[in-house]
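Quick look at my_file_15.pdb (PDB, C-alpha atoms):
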ATOM      1  CA  ASP A   1     104.875 152.425 116.079
ATOM      2  CA  GLN A   2     108.586 152.898 115.368
ATOM      3  CA  ILE A   3     109.812 154.353 118.663
ATOM      4  CA  GLY A   4     109.900 152.276 121.862
ATOM      5  CA  TRP A   5     109.356 154.863 124.595
ATOM      6  CA  GLY A   6     108.239 153.895 128.093
ATOM      7  CA  ILE A   7     105.444 156.475 128.069
ATOM      8  CA  LYS A   8     103.444 157.221 124.942
ATOM      9  CA  ASN A   9     100.563 159.502 124.152
ATOM     10  CA  VAL A  10      97.495 158.027 122.493
ATOM     11  CA  GLU A  11      97.585 160.792 119.902
ATOM     12  CA  ARG A  12     100.360 160.336 117.357
ATOM     13  CA  SER A  13     101.996 162.860 115.060
ATOM     14  CA  THR A  14     103.340 161.547 111.780
ATOM     15  CA  MET A  15     105.506 164.636 111.311
ATOM     16  CA  ALA A  16     107.052 164.323 114.780
ATOM     17  CA  THR A  17     107.714 160.616 114.216
ATOM     18  CA  LEU A  18     109.396 161.294 110.871
ATOM     19  CA  PHE A  19     111.457 164.089 112.441
ATOM     20  CA  ILE A  20     112.676 161.788 115.218
ATOM     21  CA  ILE A  21     113.420 158.899 112.854
ATOM     22  CA  PHE A  22     115.395 161.216 110.573
ATOM     23  CA  PHE A  23     117.399 163.163 113.196
ATOM     24  CA  ALA A  24     117.808 160.619 116.029
ATOM     25  CA  PRO A  25     120.819 158.818 114.497
ATOM     26  CA  TRP A  26     122.734 162.110 114.292
ATOM     27  CA  GLY A  27     121.772 163.486 117.695
ATOM     28  CA  MET A  28     123.871 161.232 119.912
ATOM     29  CA  ALA A  29     126.775 161.234 117.482
ATOM     30  CA  LEU A  30     126.763 165.024 117.590
ATOM     31  CA  PHE A  31     126.731 165.008 121.408
ATOM     32  CA  PHE A  32     129.729 162.672 121.493
ATOM     33  CA  LEU A  33     131.564 164.755 118.885
ATOM     34  CA  LEU A  34     131.056 167.943 120.901
ATOM     35  CA  SER A  35     132.053 166.178 124.114
ATOM     36  CA  GLY A  36     135.204 164.837 122.487
ATOM     37  CA  ALA A  37     136.159 168.309 121.292
ATOM     38  CA  GLY A  38     135.512 169.664 124.783
ATOM     39  CA  SER A  39     137.701 166.944 126.283
ATOM     40  CA  ARG A  40     140.525 167.810 123.917
ATOM     41  CA  PHE A  41     140.436 171.449 124.995
ATOM     42  CA  ALA A  42     140.122 170.460 128.670
ATOM     43  CA  LEU A  43     143.191 168.208 128.480
ATOM     44  CA  ARG A  44     145.322 171.037 127.109
ATOM     45  CA  ARG A  45     145.121 173.019 130.353
ATOM     46  CA  ARG A  46     144.888 170.294 132.984
ATOM     47  CA  THR A  47     146.957 167.427 134.269
ATOM     48  CA  ALA A  48     145.532 163.919 133.960
ATOM     49  CA  ARG A  49     144.624 163.941 137.653
ATOM     50  CA  GLN A  50     142.853 167.316 137.468
ATOM     51  CA  TYR A  51     140.984 166.173 134.381
ATOM     52  CA  THR A  52     139.865 162.912 136.038
ATOM     53  CA  VAL A  53     138.701 164.672 139.214
ATOM     54  CA  GLU A  54     136.789 167.184 137.123
ATOM     55  CA  ARG A  55     135.124 164.407 135.065
ATOM     56  CA  VAL A  56     134.054 162.626 138.258
ATOM     57  CA  GLN A  57     132.528 165.867 139.550
ATOM     58  CA  ARG A  58     130.854 166.808 136.272
ATOM     59  CA  LEU A  59     129.718 163.404 135.009
ATOM     60  CA  LEU A  60     129.781 160.597 137.563
ATOM     61  CA  ILE A  61     128.335 162.469 140.547
ATOM     62  CA  PRO A  62     125.439 163.934 138.496
ATOM     63  CA  PHE A  63     124.677 160.422 137.191
ATOM     64  CA  VAL A  64     124.518 158.951 140.695
ATOM     65  CA  VAL A  65     122.511 161.842 142.171
ATOM     66  CA  GLY A  66     120.208 162.043 139.158
ATOM     67  CA  SER A  67     119.632 158.298 139.216
ATOM     68  CA  LEU A  68     118.742 158.370 142.898
ATOM     69  CA  LEU A  69     116.463 161.405 142.621
ATOM     70  CA  LEU A  70     114.948 161.207 139.129
ATOM     71  CA  SER A  71     114.765 157.499 138.300
ATOM     72  CA  PRO A  72     112.142 156.678 140.959
ATOM     73  CA  ILE A  73     109.940 159.482 139.604
ATOM     74  CA  GLN A  74     110.359 158.244 136.042
ATOM     75  CA  LEU A  75     109.709 154.672 137.154
ATOM     76  CA  TYR A  76     106.512 155.792 138.893
ATOM     77  CA  PHE A  77     105.159 157.577 135.815
ATOM     78  CA  GLN A  78     106.099 154.661 133.562
ATOM     79  CA  TRP A  79     104.281 152.273 135.914
ATOM     80  CA  LEU A  80     101.280 154.620 136.115
ATOM     81  CA  HIS A  81     101.094 154.856 132.327
ATOM     82  CA  GLN A  82     101.367 151.104 131.822
ATOM     83  CA  THR A  83      98.705 150.336 134.433
ATOM     84  CA  GLU A  84      96.340 152.877 132.837
ATOM     85  CA  THR A  85      96.829 151.370 129.376
ATOM     86  CA  GLY A  86      96.430 147.816 130.657
ATOM     87  CA  ALA A  87      99.971 146.807 129.737
ATOM     88  CA  PHE A  88     100.697 145.974 133.387
ATOM     89  CA  VAL A  89      98.522 145.062 136.349
ATOM     90  CA  GLY A  90     100.114 145.172 139.786
ATOM     91  CA  THR A  91     101.826 147.376 142.329
ATOM     92  CA  LEU A  92     104.724 149.729 141.730
ATOM     93  CA  TRP A  93     106.963 147.411 143.740
ATOM     94  CA  GLU A  94     105.999 144.432 141.523
ATOM     95  CA  PHE A  95     106.650 146.559 138.447
ATOM     96  CA  PHE A  96     110.093 147.520 139.756
ATOM     97  CA  LEU A  97     111.015 143.945 140.653
ATOM     98  CA  GLY A  98     109.706 142.662 137.320
ATOM     99  CA  ARG A  99     112.098 144.810 135.329
ATOM    100  CA  GLN A 100     114.995 142.708 134.110
ATOM    101  CA  PRO A 101     118.291 144.586 134.113
ATOM    102  CA  ALA A 102     120.676 143.511 131.402
ATOM    103  CA  LEU A 103     124.237 143.028 132.535
ATOM    104  CA  GLY A 104     126.388 145.197 130.341
ATOM    105  CA  PRO A 105     126.147 148.721 128.964
ATOM    106  CA  ARG A 106     122.321 148.703 128.950
ATOM    107  CA  LEU A 107     122.370 148.472 132.748
ATOM    108  CA  PHE A 108     123.088 152.209 132.949
ATOM    109  CA  GLY A 109     119.910 152.950 131.012
ATOM    110  CA  TRP A 110     117.964 150.661 133.334
ATOM    111  CA  VAL A 111     119.289 152.450 136.401
ATOM    112  CA  GLY A 112     119.515 156.032 135.173
ATOM    113  CA  TYR A 113     117.048 156.108 132.279
ATOM    114  CA  HIS A 114     118.118 159.042 130.076
ATOM    115  CA  LEU A 115     121.243 159.690 132.178
ATOM    116  CA  TRP A 116     123.047 156.704 130.605
ATOM    117  CA  PHE A 117     124.869 159.196 128.408
ATOM    118  CA  LEU A 118     126.793 160.557 131.411
ATOM    119  CA  VAL A 119     128.295 157.153 132.269
ATOM    120  CA  PHE A 120     129.366 156.501 128.687
ATOM    121  CA  LEU A 121     130.800 159.986 128.407
ATOM    122  CA  PHE A 122     132.695 159.441 131.662
ATOM    123  CA  ALA A 123     134.155 156.161 130.373
ATOM    124  CA  TYR A 124     135.153 157.702 127.036
ATOM    125  CA  SER A 125     136.704 160.702 128.740
ATOM    126  CA  LEU A 126     138.879 158.422 130.887
ATOM    127  CA  ILE A 127     140.023 156.610 127.754
ATOM    128  CA  ALA A 128     141.056 159.971 126.282
TER     129      ALA A 128
END
As structure tokens - that is how I would like this structure written.
Amino acid sequence: DQIGWGIKNVERSTMATLFIIFFAPWGMALFFLLSGAGSRFALRRRTARQYTVERVQRLLIPFVVGSLLLSPIQLYFQWLHQTETGAFVGTLWEFFLGRQPALGPRLFGWVGYHLWFLVFLFAYSLIA
């Protein structure tokens, strides 16, 4: 098993796995490339303050709201899956408390699951 997802299906597809292994390294790089190009065009027509306010509204606020609304649902389904497969025995609260957040960039993935991209994009856009 090459891909470490929190929830996995018992049935596996070799073709899907090969597709993901082949295209995954390019996917995030492409997202960052497109975001960088978008930032360049956005900076042409805005002041630094307007740009920063817009990035907070478009990236930081969705991360916070999405983390508060979606992460508990994702955590619940991850816990449910792991208790059904026998990988974890205990309550949802014990599962939540047993997760070890890493201090550093991985913390955003721990808090916001797939929304980590928004925080990194926000940081990179402020550097621009």
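From atom CA of A:Arg58 back to atom CA of A:Leu118, the distance works out to 8.9 Å.
Atom CA of A:Val119 lies 29.0 Å from atom CA of A:Asn9.
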Distance criterion (all atoms listed in the file): nearest to A:Val10 out of A:Arg45, A:His81, A:Gly112, A:Trp93: A:His81
The PyMOL selection byres ((chain A and resi 30-33) around 12) resolved against shown file, as JSON, numbers by chain: {"A": [23, 24, 25, 26, 27, 28, 29, 34, 35, 36, 37, 38, 39, 40, 117, 118, 120, 121, 122, 123, 124, 125]}
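Across the model, the gap from atom CA of A:Trp79 to atom CA of A:Phe96 is 8.4 Å.
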Selection result of the PyMOL selection byres ((chain A and resi 74) around 12) on this file, as a ChimeraX atom specification: /A:5-7,66-73,75-81,92,96,110-115
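Residue nearest A:Val53 within the list A:Glu94, A:Lys8, A:Leu126, A:Ala16: A:Leu126 [criterion: smallest interatomic distance, all atoms listed in the file].
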Give the centre and edge lengths of an axis-aligned box, in Å to one decimal, that holds all listed atoms of stretch 27-40 of chain A with 8 Å on each side, as AutoDock Vina command-line options.
--center_x 131.1 --center_y 165.4 --center_z 121.9 --size_x 34.8 --size_y 24.4 --size_z 24.8
